[in-house]
file my_file_6.cif (mmCIF, C-alpha atoms)
data_entry
#
loop_
_atom_site.group_PDB
_atom_site.id
_atom_site.type_symbol
_atom_site.label_atom_id
_atom_site.label_comp_id
_atom_site.auth_asym_id
_atom_site.auth_seq_id
_atom_site.Cartn_x
_atom_site.Cartn_y
_atom_site.Cartn_z
ATOM 1 C CA MET A 1 90.612 117.803 92.866
ATOM 2 C CA SER A 2 88.916 115.904 95.635
ATOM 3 C CA LYS A 3 89.657 112.232 96.143
ATOM 4 C CA SER A 4 89.147 110.229 92.959
ATOM 5 C CA MET A 5 86.337 107.681 92.682
ATOM 6 C CA ALA A 6 88.965 104.937 92.571
ATOM 7 C CA ARG A 7 90.466 106.219 95.849
ATOM 8 C CA ARG A 8 87.039 106.377 97.490
ATOM 9 C CA ARG A 9 86.278 102.811 96.419
ATOM 10 C CA TYR A 10 89.696 101.744 97.695
ATOM 11 C CA ASN A 11 89.158 103.452 101.073
ATOM 12 C CA MET A 12 85.703 101.861 101.417
ATOM 13 C CA ALA A 13 87.061 98.412 100.527
ATOM 14 C CA VAL A 14 89.934 98.733 103.027
ATOM 15 C CA LEU A 15 87.559 99.915 105.757
ATOM 16 C CA GLY A 16 85.108 97.100 104.983
ATOM 17 C CA CYS A 17 87.812 94.418 104.934
ATOM 18 C CA SER A 18 89.401 95.776 108.141
ATOM 19 C CA ALA A 19 86.066 95.797 109.994
ATOM 20 C CA GLY A 20 85.212 92.333 108.632
ATOM 21 C CA TYR A 21 88.647 91.081 109.667
ATOM 22 C CA ALA A 22 88.166 92.320 113.241
ATOM 23 C CA PHE A 23 84.787 90.552 113.489
ATOM 24 C CA ALA A 24 86.050 87.357 111.815
ATOM 25 C CA LEU A 25 89.145 87.222 114.019
ATOM 26 C CA PHE A 26 87.047 87.711 117.136
ATOM 27 C CA GLY A 27 84.715 84.936 115.935
ATOM 28 C CA ALA A 28 87.629 82.586 115.131
ATOM 29 C CA VAL A 29 89.326 83.135 118.499
ATOM 30 C CA THR A 30 86.025 82.577 120.306
ATOM 31 C CA TYR A 31 85.336 79.429 118.256
ATOM 32 C CA PHE A 32 88.772 77.890 118.912
ATOM 33 C CA ASN A 33 88.608 78.808 122.610
ATOM 34 C CA ASN A 34 85.391 76.814 122.816
ATOM 35 C CA HIS A 35 86.542 74.011 120.439
ATOM 36 C CA PRO A 36 90.314 73.719 120.975
ATOM 37 C CA ASP A 37 90.639 70.398 119.094
ATOM 38 C CA ALA A 38 88.237 71.180 116.240
ATOM 39 C CA ARG A 39 89.284 69.884 112.778
ATOM 40 C CA SER A 40 85.929 70.211 111.037
ATOM 41 C CA VAL A 41 84.997 72.203 107.943
ATOM 42 C CA THR A 42 83.710 74.921 110.302
ATOM 43 C CA ALA A 43 87.120 75.029 111.999
ATOM 44 C CA TYR A 44 88.897 75.481 108.666
ATOM 45 C CA ALA A 45 86.381 78.156 107.643
ATOM 46 C CA ALA A 46 86.811 80.000 110.957
ATOM 47 C CA ALA A 47 90.597 79.944 110.490
ATOM 48 C CA ILE A 48 90.587 80.986 106.829
ATOM 49 C CA ILE A 49 87.949 83.753 106.789
ATOM 50 C CA PRO A 50 90.148 86.314 108.614
ATOM 51 C CA ALA A 51 92.937 85.532 106.125
ATOM 52 C CA LEU A 52 90.581 86.046 103.179
ATOM 53 C CA LEU A 53 89.582 89.450 104.540
ATOM 54 C CA VAL A 54 93.260 90.461 104.726
ATOM 55 C CA THR A 55 93.621 89.206 101.152
ATOM 56 C CA GLY A 56 90.684 91.479 100.284
ATOM 57 C CA ILE A 57 92.913 94.462 101.063
ATOM 58 C CA PHE A 58 95.514 93.188 98.583
ATOM 59 C CA VAL A 59 92.747 92.854 95.993
ATOM 60 C CA ALA A 60 91.556 96.404 96.792
ATOM 61 C CA ILE A 61 95.075 97.712 96.133
ATOM 62 C CA GLY A 62 95.217 95.849 92.807
ATOM 63 C CA ARG A 63 91.800 97.181 91.832
ATOM 64 C CA TYR A 64 92.830 100.720 92.769
ATOM 65 C CA LEU A 65 95.878 100.455 90.502
ATOM 66 C CA VAL A 66 93.652 99.357 87.628
ATOM 67 C CA GLU A 67 90.925 101.965 88.217
ATOM 68 C CA GLU A 68 92.930 105.072 89.169
ATOM 69 C CA ARG A 69 92.936 107.420 86.163
ATOM 70 C CA ASP A 70 95.539 109.812 87.595
ATOM 71 C CA GLU A 71 98.910 108.446 86.495
ATOM 72 C CA PHE A 72 100.864 110.278 89.214
ATOM 73 C CA LEU A 73 98.661 108.919 92.017
ATOM 74 C CA ARG A 74 99.021 105.468 90.468
ATOM 75 C CA LEU A 75 102.796 105.863 90.508
ATOM 76 C CA LEU A 76 102.698 106.828 94.190
ATOM 77 C CA MET A 77 100.774 103.649 95.046
ATOM 78 C CA VAL A 78 103.084 101.464 92.932
ATOM 79 C CA ARG A 79 106.130 102.910 94.708
ATOM 80 C CA GLN A 80 104.440 102.492 98.087
ATOM 81 C CA THR A 81 103.700 98.805 97.445
ATOM 82 C CA LEU A 82 107.221 98.199 96.119
ATOM 83 C CA VAL A 83 108.728 99.652 99.299
ATOM 84 C CA ALA A 84 106.294 97.571 101.380
ATOM 85 C CA SER A 85 107.170 94.384 99.456
ATOM 86 C CA GLY A 86 110.912 94.977 99.720
ATOM 87 C CA PHE A 87 110.608 95.726 103.434
ATOM 88 C CA ALA A 88 108.418 92.688 104.232
ATOM 89 C CA LEU A 89 110.533 90.290 102.143
ATOM 90 C CA THR A 90 113.737 91.552 103.730
ATOM 91 C CA VAL A 91 112.404 91.177 107.277
ATOM 92 C CA ALA A 92 110.946 87.725 106.477
ATOM 93 C CA THR A 93 114.190 86.511 104.857
ATOM 94 C CA VAL A 94 116.441 87.747 107.668
ATOM 95 C CA TRP A 95 114.072 86.361 110.308
ATOM 96 C CA GLY A 96 113.835 83.040 108.459
ATOM 97 C CA PHE A 97 117.598 82.558 108.535
ATOM 98 C CA LEU A 98 117.846 83.606 112.183
ATOM 99 C CA GLU A 99 115.062 81.135 113.007
ATOM 100 C CA SER A 100 116.696 78.331 110.989
ATOM 101 C CA PHE A 101 119.923 78.685 112.967
ATOM 102 C CA GLY A 102 118.024 78.775 116.258
ATOM 103 C CA LEU A 103 118.835 82.428 116.900
ATOM 104 C CA ALA A 104 115.247 83.707 116.829
ATOM 105 C CA PRO A 105 111.937 82.237 117.996
ATOM 106 C CA HIS A 106 109.327 80.919 115.548
ATOM 107 C CA VAL A 107 106.962 83.554 114.176
ATOM 108 C CA GLU A 108 103.673 82.744 112.417
ATOM 109 C CA ALA A 109 103.818 83.377 108.656
ATOM 110 C CA TYR A 110 100.855 85.789 108.668
ATOM 111 C CA TRP A 111 103.105 88.370 110.335
ATOM 112 C CA VAL A 112 104.588 88.960 106.877
ATOM 113 C CA ALA A 113 101.287 90.625 105.907
ATOM 114 C CA VAL A 114 101.370 92.763 109.048
ATOM 115 C CA ILE A 115 104.948 93.832 108.250
ATOM 116 C CA TRP A 116 103.901 94.512 104.658
ATOM 117 C CA PHE A 117 101.156 96.870 105.869
ATOM 118 C CA GLY A 118 103.774 98.583 108.031
ATOM 119 C CA GLY A 119 105.882 98.844 104.873
ATOM 120 C CA LEU A 120 103.033 100.714 103.170
ATOM 121 C CA GLY A 121 103.464 103.401 105.832
ATOM 122 C CA LEU A 122 107.187 103.434 105.137
ATOM 123 C CA GLY A 123 106.472 103.691 101.392
ATOM 124 C CA ASP A 124 104.169 106.641 102.032
ATOM 125 C CA CYS A 125 106.994 108.395 103.914
ATOM 126 C CA VAL A 126 109.394 107.691 101.028
ATOM 127 C CA ASN A 127 106.848 109.159 98.583
ATOM 128 C CA LYS A 128 106.335 112.255 100.726
ATOM 129 C CA LEU A 129 110.076 112.799 101.043
ATOM 130 C CA THR A 130 110.834 112.325 97.357
ATOM 131 C CA LEU A 131 107.862 112.920 95.046
ATOM 132 C CA SER A 132 104.804 114.469 96.599
ATOM 133 C CA ARG A 133 106.117 117.215 98.864
ATOM 134 C CA ASN A 134 104.759 120.681 98.140
ATOM 135 C CA ALA A 135 106.882 122.986 95.996
ATOM 136 C CA MET B 1 112.239 117.491 82.894
ATOM 137 C CA LYS B 2 112.031 121.287 82.892
ATOM 138 C CA ASN B 3 108.761 122.830 81.815
ATOM 139 C CA ARG B 4 106.866 126.124 81.648
ATOM 140 C CA LEU B 5 103.702 124.844 83.264
ATOM 141 C CA ARG B 6 103.852 127.093 86.328
ATOM 142 C CA GLU B 7 104.492 130.146 84.138
ATOM 143 C CA LEU B 8 101.704 129.290 81.675
ATOM 144 C CA ARG B 9 99.278 128.637 84.506
ATOM 145 C CA ALA B 10 100.193 131.929 86.220
ATOM 146 C CA GLU B 11 99.655 133.858 82.952
ATOM 147 C CA ARG B 12 96.061 132.639 82.943
ATOM 148 C CA GLY B 13 95.558 133.182 86.664
ATOM 149 C CA TRP B 14 94.683 129.538 87.224
ATOM 150 C CA SER B 15 95.250 127.696 90.469
ATOM 151 C CA GLN B 16 96.872 124.246 90.505
ATOM 152 C CA GLN B 17 93.468 122.930 91.541
ATOM 153 C CA HIS B 18 91.759 124.490 88.527
ATOM 154 C CA LEU B 19 94.414 123.266 86.095
ATOM 155 C CA GLY B 20 94.106 119.801 87.616
ATOM 156 C CA GLU B 21 90.360 119.871 87.017
ATOM 157 C CA LEU B 22 90.851 120.921 83.384
ATOM 158 C CA LEU B 23 93.323 118.084 82.847
ATOM 159 C CA GLU B 24 91.372 115.601 84.998
ATOM 160 C CA VAL B 25 94.334 114.970 87.302
ATOM 161 C CA SER B 26 94.970 115.772 90.960
ATOM 162 C CA ARG B 27 96.478 119.004 92.294
ATOM 163 C CA GLN B 28 99.314 116.822 93.569
ATOM 164 C CA SER B 29 100.096 115.790 89.987
ATOM 165 C CA ILE B 30 100.217 119.408 88.794
ATOM 166 C CA ASN B 31 102.466 120.315 91.698
ATOM 167 C CA ALA B 32 104.860 117.429 90.972
ATOM 168 C CA ILE B 33 105.011 118.212 87.236
ATOM 169 C CA GLU B 34 105.589 121.940 87.826
ATOM 170 C CA ALA B 35 108.375 121.192 90.297
ATOM 171 C CA GLY B 36 110.018 118.841 87.778
ATOM 172 C CA ARG B 37 109.711 115.909 90.174
ATOM 173 C CA TYR B 38 107.461 113.944 87.852
ATOM 174 C CA ASP B 39 107.612 113.657 84.078
ATOM 175 C CA PRO B 40 104.118 113.145 82.659
ATOM 176 C CA SER B 41 103.362 110.394 80.175
ATOM 177 C CA LEU B 42 103.304 111.366 76.504
ATOM 178 C CA PRO B 43 99.456 111.427 76.361
ATOM 179 C CA LEU B 44 99.299 113.732 79.415
ATOM 180 C CA ALA B 45 102.091 115.949 78.058
ATOM 181 C CA PHE B 46 100.140 116.308 74.780
ATOM 182 C CA LYS B 47 96.971 117.075 76.721
ATOM 183 C CA ILE B 48 98.794 119.834 78.639
ATOM 184 C CA ALA B 49 100.252 121.336 75.450
ATOM 185 C CA GLU B 50 96.858 121.226 73.710
ATOM 186 C CA LEU B 51 95.169 122.932 76.657
ATOM 187 C CA PHE B 52 97.547 125.882 76.283
ATOM 188 C CA ASP B 53 97.313 125.668 72.482
ATOM 189 C CA LEU B 54 101.057 125.202 72.199
ATOM 190 C CA ALA B 55 103.426 122.629 70.722
ATOM 191 C CA ILE B 56 104.704 120.122 73.242
ATOM 192 C CA GLU B 57 108.280 121.515 72.926
ATOM 193 C CA ALA B 58 106.963 124.951 73.888
ATOM 194 C CA VAL B 59 105.868 123.573 77.242
ATOM 195 C CA PHE B 60 108.497 120.920 77.994
ATOM 196 C CA THR B 61 112.259 121.191 77.452
ATOM 197 C CA SER B 62 113.857 118.098 75.988
ATOM 198 C CA PRO B 63 116.321 116.700 78.576
ATOM 199 C CA SER B 64 118.950 116.293 75.840
ATOM 200 C CA ARG B 65 118.684 120.008 75.002
ATOM 201 C CA GLN B 66 118.722 121.257 78.570
ATOM 202 C CA ALA B 67 121.639 123.558 79.354
#

call {"tool": "encode", "arguments": {"input": "my_file_6.cif", "output": "structure tokens"}}
result
Amino acid sequence: MSKSMARRRYNMAVLGCSAGYAFALFGAVTYFNNHPDARSVTAYAAAIIPALLVTGIFVAIGRYLVEERDEFLRLLMVRQTLVASGFALTVATVWGFLESFGLAPHVEAYWVAVIWFGGLGLGDCVNKLTLSRNA
Amino acid sequence: MKNRLRELRAERGWSQQHLGELLEVSRQSINAIEAGRYDPSLPLAFKIAELFDLAIEAVFTSPSRQA
């Protein structure tokens, strides 16, 4: 069976959000380079739009889980996101304690999302090694 | 959970792809079920049994009765 409709919609949403994120981030960096002390509504919008586009990927994953009719493929995605969540929370917790005791430098909170996306890759490897390898 | 899916499919000369299309699931799902790495939900197990015109116990072996 070729890719399900749900998977195609998911891929399109992730591609759209990723491209939008790249543009929005470029726009935000350019804006704050030109207006370093800005605190206006525009400044808040420029700062938040890239975050909303990252959030769009989380929404796309949730939508995929609701729309995917193939229960096995749904299970694979659930496992993948669980591995990603466990990985990101573990890294964030350990880093948080190291930072609190002055043993690690401060890291911006949005890196948790980046680590979570890395965890999706890890979750995919776990799935391939355990459930979806060819017989 | 052990099952006879691979054997039943082979008897009919169907590919995993074709069986997946008949059951409206992916080839990956068929592969995982055949290999015993994934136990299908009850509705999918019934759908599989009905496709082969068999009782569910004739396709899947109850884990409590497995040797």

call {"tool": "interface_residues", "arguments": {"input": "my_file_6.cif", "of": "chain B", "to": "chain A", "cutoff": "12 Å", "atoms": "all atoms listed in the file", "output": "count of residues only"}}
result
32

call {"tool": "resolve_selection", "arguments": {"input": "my_file_6.cif", "expression": "the PyMOL selection byres ((chain A and resi 115) around 12)", "output": "list of chain:residue names"}}
result
A:Thr81, A:Val83, A:Ala84, A:Ser85, A:Gly86, A:Phe87, A:Ala88, A:Leu89, A:Thr90, A:Val91, A:Ala92, A:Trp95, A:Glu108, A:Ala109, A:Tyr110, A:Trp111, A:Val112, A:Ala113, A:Val114, A:Trp116, A:Phe117, A:Gly118, A:Gly119, A:Leu120, A:Gly121, A:Leu122

call {"tool": "axis_aligned_box", "arguments": {"input": "my_file_6.cif", "around": "range 76-83 of chain A", "padding_each_side": "8 Å", "output": "JSON"}}
result
{"center_x": 104.8, "center_y": 102.5, "center_z": 96.1, "size_x": 24.0, "size_y": 24.6, "size_z": 22.4}

call {"tool": "atom_distance", "arguments": {"input": "my_file_6.cif", "atom1": "CA of Leu53 in chain A", "atom2": "CA of Ser18 in chain A"}}
result
7.3 Å

call {"tool": "decode", "arguments": {"input": "my_file_6.cif", "residues": "range 15-46 of chain B", "atoms": "N, CA and C atoms", "output": "PDB file, in the first residue's frame"}}
result
ATOM      1  N   SER B  15       0.385 -11.605  -2.424  1.00  0.00           N
ATOM      2  CA  SER B  15       1.555 -10.920  -1.860  1.00  0.00           C
ATOM      3  C   SER B  15       1.106 -10.199  -0.580  1.00  0.00           C
ATOM      4  N   GLN B  16       2.082  -9.784   0.222  1.00  0.00           N
ATOM      5  CA  GLN B  16       1.745  -9.010   1.434  1.00  0.00           C
ATOM      6  C   GLN B  16       1.043  -7.711   1.027  1.00  0.00           C
ATOM      7  N   GLN B  17       1.516  -7.162  -0.089  1.00  0.00           N
ATOM      8  CA  GLN B  17       0.933  -5.913  -0.603  1.00  0.00           C
ATOM      9  C   GLN B  17      -0.553  -6.103  -0.924  1.00  0.00           C
ATOM     10  N   HIS B  18      -0.844  -7.205  -1.627  1.00  0.00           N
ATOM     11  CA  HIS B  18      -2.227  -7.470  -2.027  1.00  0.00           C
ATOM     12  C   HIS B  18      -3.119  -7.709  -0.807  1.00  0.00           C
ATOM     13  N   LEU B  19      -2.606  -8.501   0.143  1.00  0.00           N
ATOM     14  CA  LEU B  19      -3.392  -8.764   1.354  1.00  0.00           C
ATOM     15  C   LEU B  19      -3.636  -7.453   2.114  1.00  0.00           C
ATOM     16  N   GLY B  20      -2.608  -6.622   2.165  1.00  0.00           N
ATOM     17  CA  GLY B  20      -2.753  -5.318   2.812  1.00  0.00           C
ATOM     18  C   GLY B  20      -3.851  -4.496   2.156  1.00  0.00           C
ATOM     19  N   GLU B  21      -3.897  -4.533   0.835  1.00  0.00           N
ATOM     20  CA  GLU B  21      -4.931  -3.773   0.116  1.00  0.00           C
ATOM     21  C   GLU B  21      -6.325  -4.312   0.428  1.00  0.00           C
ATOM     22  N   LEU B  22      -6.433  -5.649   0.510  1.00  0.00           N
ATOM     23  CA  LEU B  22      -7.744  -6.250   0.816  1.00  0.00           C
ATOM     24  C   LEU B  22      -8.206  -5.880   2.228  1.00  0.00           C
ATOM     25  N   LEU B  23      -7.241  -5.761   3.132  1.00  0.00           N
ATOM     26  CA  LEU B  23      -7.583  -5.458   4.530  1.00  0.00           C
ATOM     27  C   LEU B  23      -7.519  -3.961   4.840  1.00  0.00           C
ATOM     28  N   GLU B  24      -7.105  -3.185   3.843  1.00  0.00           N
ATOM     29  CA  GLU B  24      -6.957  -1.727   3.994  1.00  0.00           C
ATOM     30  C   GLU B  24      -5.946  -1.369   5.079  1.00  0.00           C
ATOM     31  N   VAL B  25      -4.830  -2.114   5.088  1.00  0.00           N
ATOM     32  CA  VAL B  25      -3.716  -1.785   5.986  1.00  0.00           C
ATOM     33  C   VAL B  25      -2.442  -1.805   5.153  1.00  0.00           C
ATOM     34  N   SER B  26      -1.338  -1.357   5.742  1.00  0.00           N
ATOM     35  CA  SER B  26      -0.079  -1.294   5.006  1.00  0.00           C
ATOM     36  C   SER B  26       0.588  -2.670   4.913  1.00  0.00           C
ATOM     37  N   ARG B  27       1.519  -2.798   3.958  1.00  0.00           N
ATOM     38  CA  ARG B  27       2.291  -4.031   3.830  1.00  0.00           C
ATOM     39  C   ARG B  27       3.110  -4.262   5.103  1.00  0.00           C
ATOM     40  N   GLN B  28       3.560  -3.159   5.683  1.00  0.00           N
ATOM     41  CA  GLN B  28       4.317  -3.220   6.940  1.00  0.00           C
ATOM     42  C   GLN B  28       3.505  -3.909   8.033  1.00  0.00           C
ATOM     43  N   SER B  29       2.214  -3.597   8.088  1.00  0.00           N
ATOM     44  CA  SER B  29       1.339  -4.196   9.104  1.00  0.00           C
ATOM     45  C   SER B  29       1.231  -5.703   8.896  1.00  0.00           C
ATOM     46  N   ILE B  30       1.041  -6.106   7.636  1.00  0.00           N
ATOM     47  CA  ILE B  30       0.931  -7.542   7.325  1.00  0.00           C
ATOM     48  C   ILE B  30       2.211  -8.254   7.722  1.00  0.00           C
ATOM     49  N   ASN B  31       3.330  -7.640   7.379  1.00  0.00           N
ATOM     50  CA  ASN B  31       4.635  -8.217   7.693  1.00  0.00           C
ATOM     51  C   ASN B  31       4.808  -8.393   9.206  1.00  0.00           C
ATOM     52  N   ALA B  32       4.426  -7.370   9.975  1.00  0.00           N
ATOM     53  CA  ALA B  32       4.587  -7.421  11.429  1.00  0.00           C
ATOM     54  C   ALA B  32       3.658  -8.465  12.052  1.00  0.00           C
ATOM     55  N   ILE B  33       2.441  -8.573  11.517  1.00  0.00           N
ATOM     56  CA  ILE B  33       1.488  -9.564  12.063  1.00  0.00           C
ATOM     57  C   ILE B  33       1.988 -10.978  11.738  1.00  0.00           C
ATOM     58  N   GLU B  34       2.394 -11.187  10.490  1.00  0.00           N
ATOM     59  CA  GLU B  34       2.871 -12.524  10.086  1.00  0.00           C
ATOM     60  C   GLU B  34       4.061 -12.967  10.930  1.00  0.00           C
ATOM     61  N   ALA B  35       4.950 -12.015  11.217  1.00  0.00           N
ATOM     62  CA  ALA B  35       6.163 -12.340  11.973  1.00  0.00           C
ATOM     63  C   ALA B  35       5.885 -12.468  13.472  1.00  0.00           C
ATOM     64  N   GLY B  36       4.650 -12.186  13.882  1.00  0.00           N
ATOM     65  CA  GLY B  36       4.288 -12.294  15.298  1.00  0.00           C
ATOM     66  C   GLY B  36       4.839 -11.147  16.128  1.00  0.00           C
ATOM     67  N   ARG B  37       5.249 -10.066  15.457  1.00  0.00           N
ATOM     68  CA  ARG B  37       5.786  -8.922  16.203  1.00  0.00           C
ATOM     69  C   ARG B  37       4.688  -7.935  16.594  1.00  0.00           C
ATOM     70  N   TYR B  38       3.536  -8.090  15.998  1.00  0.00           N
ATOM     71  CA  TYR B  38       2.422  -7.195  16.318  1.00  0.00           C
ATOM     72  C   TYR B  38       1.129  -8.002  16.369  1.00  0.00           C
ATOM     73  N   ASP B  39       0.418  -7.864  17.474  1.00  0.00           N
ATOM     74  CA  ASP B  39      -0.885  -8.519  17.609  1.00  0.00           C
ATOM     75  C   ASP B  39      -1.966  -7.538  17.166  1.00  0.00           C
ATOM     76  N   PRO B  40      -2.740  -7.902  16.154  1.00  0.00           N
ATOM     77  CA  PRO B  40      -3.768  -6.963  15.671  1.00  0.00           C
ATOM     78  C   PRO B  40      -4.873  -6.764  16.703  1.00  0.00           C
ATOM     79  N   SER B  41      -5.579  -5.660  16.557  1.00  0.00           N
ATOM     80  CA  SER B  41      -6.740  -5.417  17.428  1.00  0.00           C
ATOM     81  C   SER B  41      -7.799  -6.473  17.106  1.00  0.00           C
ATOM     82  N   LEU B  42      -8.775  -6.596  18.002  1.00  0.00           N
ATOM     83  CA  LEU B  42      -9.844  -7.580  17.774  1.00  0.00           C
ATOM     84  C   LEU B  42     -10.594  -7.301  16.460  1.00  0.00           C
ATOM     85  N   PRO B  43     -10.970  -6.040  16.176  1.00  0.00           N
ATOM     86  CA  PRO B  43     -11.665  -5.800  14.884  1.00  0.00           C
ATOM     87  C   PRO B  43     -10.828  -6.219  13.678  1.00  0.00           C
ATOM     88  N   LEU B  44      -9.503  -5.946  13.709  1.00  0.00           N
ATOM     89  CA  LEU B  44      -8.668  -6.328  12.561  1.00  0.00           C
ATOM     90  C   LEU B  44      -8.505  -7.849  12.491  1.00  0.00           C
ATOM     91  N   ALA B  45      -8.379  -8.483  13.657  1.00  0.00           N
ATOM     92  CA  ALA B  45      -8.265  -9.953  13.679  1.00  0.00           C
ATOM     93  C   ALA B  45      -9.531 -10.594  13.095  1.00  0.00           C
ATOM     94  N   PHE B  46     -10.694 -10.049  13.435  1.00  0.00           N
ATOM     95  CA  PHE B  46     -11.960 -10.558  12.868  1.00  0.00           C
ATOM     96  C   PHE B  46     -11.997 -10.333  11.356  1.00  0.00           C
TER      97      PHE B  46
END
